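Novice: Please see the structure below; I have some questions.
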Amino acid sequence: MKSLKVGLIGLGFIGVAHIDAIRRIGGVELSAVSDVNFDQAKQRAGQFGVEKCYEDFNDLINDPEIDAIHNCTPNHLHLEVNQKIIRAGKHVFSEKPLGLDADESAQMMATLSEYPEIVAGINFCYRMTPLVQDMKHRIKNGEIGDIYLVHGSYLQDWLLYDTDYNWRVVKEFAGPSRCVADIGSHWIDTAQTVLGSRICEVCADVVTVLPTRKKPVMEVETYAIVEDMEYEDVAVTTEDYAGVLVKFENGVTGLFHCSQVCAGRKCHLNLEVNGSKASYYWNQETSDRMWKGNRDINNELVIRNPHFMAQQVHDYTYMPAGHPEGWNDAMRNTVFAFYQFIKQGKKLHSHKPDFATFEEGHYIARVIEAILLSGKERRWVRLDEIK
Ligand SMILES: NC(=O)c1ccc[n+]([C@@H]2O[C@H](COP(=O)([O-])OP(=O)(O)OC[C@H]3O[C@@H](n4cnc5c(N)ncnc54)[C@H](O)[C@@H]3O)[C@@H](O)[C@H]2O)c1
């Protein structure tokens with residue numbers, strides 16, 4: 001079969017991770033890249049042997065050879081770039097959150113409805129970790145019985161100090177929610193995936209721990225640490241922390257919290273599901289292991305092993321047990337599932353893929369909006385209150 005030609009816009013932290021995933025799956029050729037930082041774009045195009053390099057993303061979108069495009073730009077560009085990709089009739093794989101807010105993601109859904117042939121995916125990659133997929137199938141098969149509770153968190157420390165700064169702190173670039181949209185959204189997607197049900201009601205405490213931050217006078221890359229920097233004080237309105245009670249459509253109740261100011265926590269995404277027969281606990285920082293809690297026999301440590309995993313997971317786990325698979329592999333699995341779907345000629349209106357779709361991205365944007373509203377008005381908010 002002819003190789004699909006792929007373009008990628010935005011060659012920062014996550015753009016490079018997408019390149020790695022694209023190069024690992026085969027049958028897909030990364031033909032063009034674009035970044036407004038053209039020196040960086042040319043350097044990375046050379047490093048990865050990419051044929052074409054554009055300074056203006058419009059030129060990449062309009063390149064007739066390109067079949068599908070990854071949008072790895074900051075959040076404020078997602079709407080414009082995704083809309084242009086869809087209108088150019090190309091498949092789109094966007095970074096999360098889908099837009100700055102639910103209004104922007106609704107606009108993308110409206111445009112997408114005019115192009116039913118287009119496959120539109122969003123990179124909620126943690127759901128594609130082998131043991132998350134395995135947990136999903138075990139729960140579906142009734143292994144832990146009726147589900148009673150789900151809880152967990154996503155905690156980081158990279159915005160702990162008031163001198164920590166990046167475009168994510170600026171509402172105009174990141175959107176009205178920071179911590180929930182940036183990392184809480186991953187917890188929401190992972191929980192909804194394993195439960196096979198959506199959050200329909202929330203009650204949240206949303207807190208900006210550091211309302212003033214020191215903005216470096218020069219630009220700082222994501223996660224970079226720079227010494228001897230000059231700063232100016234800026235007011236920050238987006239949240240550093242949120243604690244959220246959640247109810248799911250299937251009646252399950254739970255809670256999660258997310259924070260970017262927890263010293264020592266890096267990418268501490270964890271999820272526990274408690275059922276009538278047993279519990280599961282998974283933490284992405286030890287993603288090859290899952291704890292199974294039992295009442296009447298000893299607890300168990302499930303170690304990822306393709307021999308003992310649900311058949312449906314076999315496309316998403318390939319190393320023999322003992323060779324760890326982690327976040328990079330979840331990225332590979334997400335991109336693999338996206339292109340398999342396209343190559344098999346499947347359409348989103350007739351097939352449900354394993355990767356997250358724009359529709360799910362839009363739903364999560366509405367959950368985020370409900371969380372902000374709940375925090376502001378200090379009450380439970382139902383999803384049907386959010387358009
Ligand atoms: N799925 C995940 O696990 C995950 C992880 C990290 C980031 N992200 C998402 O990825 C997106 C990018 O985040 P990042 O951490 O890579 O940011 P980043 O700042 O490291 O990279 C963004 C890149 O976009 C480029 N860019 C900016 N304006 C542009 C334009 N007009 N045209 C072309 N390129 C442009 C920048 O020069 C930069 O290279 C965000 O939406 C973020 O939420 C997702």
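Labels used: A, B, ... for chains in the order of the structure tokens, numbers from 1 for residues in each chain, and numbers from 1 for ligands as shown.
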Skip A:Glu359 itself and residues of its chain fewer than 2 positions away, then list as a compact mmCIF listing (two decimals) with N, CA, C and O atoms, in the first residue's frame all residues within 9 Å of it, counting only C-alpha atoms.
Specialist:
# COMPACT_ATOMS: atom_id res chain seq x y z
N SER A 105 -13.67 24.63 20.48
CA SER A 105 -13.77 23.22 20.05
C SER A 105 -15.11 22.97 19.36
O SER A 105 -15.19 22.15 18.43
N MET A 109 -15.87 21.30 15.66
CA MET A 109 -16.83 20.21 15.43
C MET A 109 -17.80 20.59 14.30
O MET A 109 -18.15 19.74 13.47
N ALA A 120 -10.23 12.83 12.44
CA ALA A 120 -9.70 13.89 13.30
C ALA A 120 -9.45 13.32 14.69
O ALA A 120 -10.37 12.96 15.42
N GLY A 121 -8.16 13.22 15.05
CA GLY A 121 -7.78 12.65 16.35
C GLY A 121 -7.11 13.69 17.22
O GLY A 121 -6.59 14.70 16.74
N ALA A 356 -8.29 8.95 20.88
CA ALA A 356 -9.33 9.95 21.19
C ALA A 356 -9.66 10.77 19.94
O ALA A 356 -8.77 11.11 19.15
N THR A 357 -10.93 11.08 19.77
CA THR A 357 -11.40 11.83 18.60
C THR A 357 -11.63 13.31 18.98
O THR A 357 -11.66 13.66 20.16
N GLY A 361 -12.48 15.23 22.45
CA GLY A 361 -11.75 16.44 22.85
C GLY A 361 -12.70 17.59 23.16
O GLY A 361 -12.50 18.34 24.12
N HIS A 362 -13.76 17.69 22.36
CA HIS A 362 -14.75 18.74 22.60
C HIS A 362 -15.52 18.46 23.90
O HIS A 362 -15.78 19.38 24.69
N TYR A 363 -15.85 17.19 24.12
CA TYR A 363 -16.57 16.86 25.37
C TYR A 363 -15.71 17.23 26.58
O TYR A 363 -16.19 17.81 27.56
N ILE A 364 -14.41 16.91 26.50
CA ILE A 364 -13.51 17.22 27.63
C ILE A 364 -13.39 18.74 27.80
O ILE A 364 -13.32 19.24 28.93
Novice: Any idea what's packed within 7 Å of A:Ile69, counting only C-alpha atoms, ignoring anything in its chain fewer than 4 positions away? Could you give it as an MDAnalysis selection string?
Specialist: chainID A and resid 6:8 91:93
Novice: Can those selected residues be exported to a file as a PDB file, in the first residue's frame so that it contains N, CA, C and O atoms?
Specialist:
ATOM      1  N   VAL A   6       2.886  12.740   5.479  1.00  0.00           N
ATOM      2  CA  VAL A   6       2.454  13.446   6.673  1.00  0.00           C
ATOM      3  C   VAL A   6       3.239  14.743   6.845  1.00  0.00           C
ATOM      4  O   VAL A   6       4.425  14.803   6.540  1.00  0.00           O
ATOM      5  N   GLY A   7       2.549  15.783   7.347  1.00  0.00           N
ATOM      6  CA  GLY A   7       3.208  17.034   7.718  1.00  0.00           C
ATOM      7  C   GLY A   7       3.035  17.284   9.203  1.00  0.00           C
ATOM      8  O   GLY A   7       2.108  16.740   9.830  1.00  0.00           O
ATOM      9  N   LEU A   8       3.908  18.088   9.781  1.00  0.00           N
ATOM     10  CA  LEU A   8       3.840  18.366  11.219  1.00  0.00           C
ATOM     11  C   LEU A   8       4.159  19.842  11.455  1.00  0.00           C
ATOM     12  O   LEU A   8       5.151  20.353  10.943  1.00  0.00           O
ATOM     13  N   HIS A  91      -6.565  14.765   6.799  1.00  0.00           N
ATOM     14  CA  HIS A  91      -6.739  14.197   8.140  1.00  0.00           C
ATOM     15  C   HIS A  91      -5.910  15.025   9.124  1.00  0.00           C
ATOM     16  O   HIS A  91      -4.828  15.514   8.780  1.00  0.00           O
ATOM     17  N   VAL A  92      -6.434  15.160  10.347  1.00  0.00           N
ATOM     18  CA  VAL A  92      -5.749  16.005  11.329  1.00  0.00           C
ATOM     19  C   VAL A  92      -5.573  15.252  12.638  1.00  0.00           C
ATOM     20  O   VAL A  92      -6.484  14.595  13.125  1.00  0.00           O
ATOM     21  N   PHE A  93      -4.357  15.364  13.175  1.00  0.00           N
ATOM     22  CA  PHE A  93      -4.065  14.807  14.495  1.00  0.00           C
ATOM     23  C   PHE A  93      -3.561  15.967  15.339  1.00  0.00           C
ATOM     24  O   PHE A  93      -2.451  16.469  15.141  1.00  0.00           O
TER      25      PHE A  93
END
Novice: With DSSP run on the backbone, what are the alpha helix (DSSP H) residues within stretch 51-83 of chain A? I'd like them as a PyMOL selection string.
Specialist: chain A and resi 57-61+78-83
Novice: Which of these residues is nearest to ligand 1, using only C-alpha atoms and all ligand atoms: A:Val16, A:Val209, A:Cys262, A:Val36?
Specialist: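 Comparing A:Val16, A:Val209, A:Cys262, A:Val36 against ligand 1, the winner is A:Val36.
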Novice: So that I can see what lies close to stretch 186-196 of chain A, please list as a PyMOL selection string the residues with an atom at most 7 Å from it, counting only C-alpha atoms and leaving out residues fewer than 5 positions away in the same chain.
Specialist: chain A and resi 124+126-127+132+135-136+153-154+269
Novice: Since we have the selection now, will you write its residues out, keeping N, CA, C and O atoms, as an mmCIF file, in the first residue's frame?
Specialist:
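Wrote it out as again01.cif, contents follow:
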data_model
loop_
_atom_site.group_PDB
_atom_site.id
_atom_site.type_symbol
_atom_site.label_atom_id
_atom_site.label_comp_id
_atom_site.auth_asym_id
_atom_site.auth_seq_id
_atom_site.Cartn_x
_atom_site.Cartn_y
_atom_site.Cartn_z
ATOM 1 N N PHE A 124 -4.684 12.453 23.367
ATOM 2 C CA PHE A 124 -4.778 12.025 24.758
ATOM 3 C C PHE A 124 -4.089 10.666 24.817
ATOM 4 O O PHE A 124 -4.726 9.611 24.707
ATOM 5 N N TYR A 126 -2.208 8.985 27.100
ATOM 6 C CA TYR A 126 -2.062 8.031 28.223
ATOM 7 C C TYR A 126 -3.024 6.847 28.090
ATOM 8 O O TYR A 126 -2.730 5.761 28.557
ATOM 9 N N ARG A 127 -4.178 7.069 27.476
ATOM 10 C CA ARG A 127 -5.147 5.972 27.314
ATOM 11 C C ARG A 127 -4.568 4.828 26.487
ATOM 12 O O ARG A 127 -5.079 3.717 26.532
ATOM 13 N N VAL A 132 -3.254 0.534 30.588
ATOM 14 C CA VAL A 132 -4.534 1.264 30.644
ATOM 15 C C VAL A 132 -5.531 0.567 29.719
ATOM 16 O O VAL A 132 -6.684 0.332 30.086
ATOM 17 N N MET A 135 -6.499 -2.575 31.447
ATOM 18 C CA MET A 135 -7.449 -2.313 32.541
ATOM 19 C C MET A 135 -8.856 -2.102 31.968
ATOM 20 O O MET A 135 -9.852 -2.616 32.498
ATOM 21 N N LYS A 136 -8.919 -1.357 30.865
ATOM 22 C CA LYS A 136 -10.218 -1.098 30.208
ATOM 23 C C LYS A 136 -10.912 -2.417 29.857
ATOM 24 O O LYS A 136 -12.099 -2.602 30.154
ATOM 25 N N SER A 153 -5.080 11.450 40.540
ATOM 26 C CA SER A 153 -4.553 12.810 40.412
ATOM 27 C C SER A 153 -3.565 12.895 39.260
ATOM 28 O O SER A 153 -3.123 11.864 38.724
ATOM 29 N N TYR A 154 -3.253 14.125 38.880
ATOM 30 C CA TYR A 154 -2.110 14.391 38.001
ATOM 31 C C TYR A 154 -1.367 15.568 38.628
ATOM 32 O O TYR A 154 -1.889 16.695 38.659
ATOM 33 N N LEU A 269 0.610 11.006 37.161
ATOM 34 C CA LEU A 269 -0.767 10.704 36.763
ATOM 35 C C LEU A 269 -1.099 9.326 37.299
ATOM 36 O O LEU A 269 -0.423 8.341 36.967
#
Novice: For A:Pro353, please output as a list of chain:residue names all residues within 10 Å (counting only C-alpha atoms; exclusion window: fewer than 6 positions along the same chain).
Specialist: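 Here the answer would be A:Gly121, A:Ala337, A:Phe338, A:Gln340, A:Phe341, A:Lys346, A:Lys347.
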Novice: I'd like to know which of A:Cys53, A:Leu4, A:Leu131, A:Ala174 is closest to ligand 1, using only C-alpha atoms and all ligand atoms.
Specialist: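 Of all the options, A:Ala174 lies closest to ligand 1.
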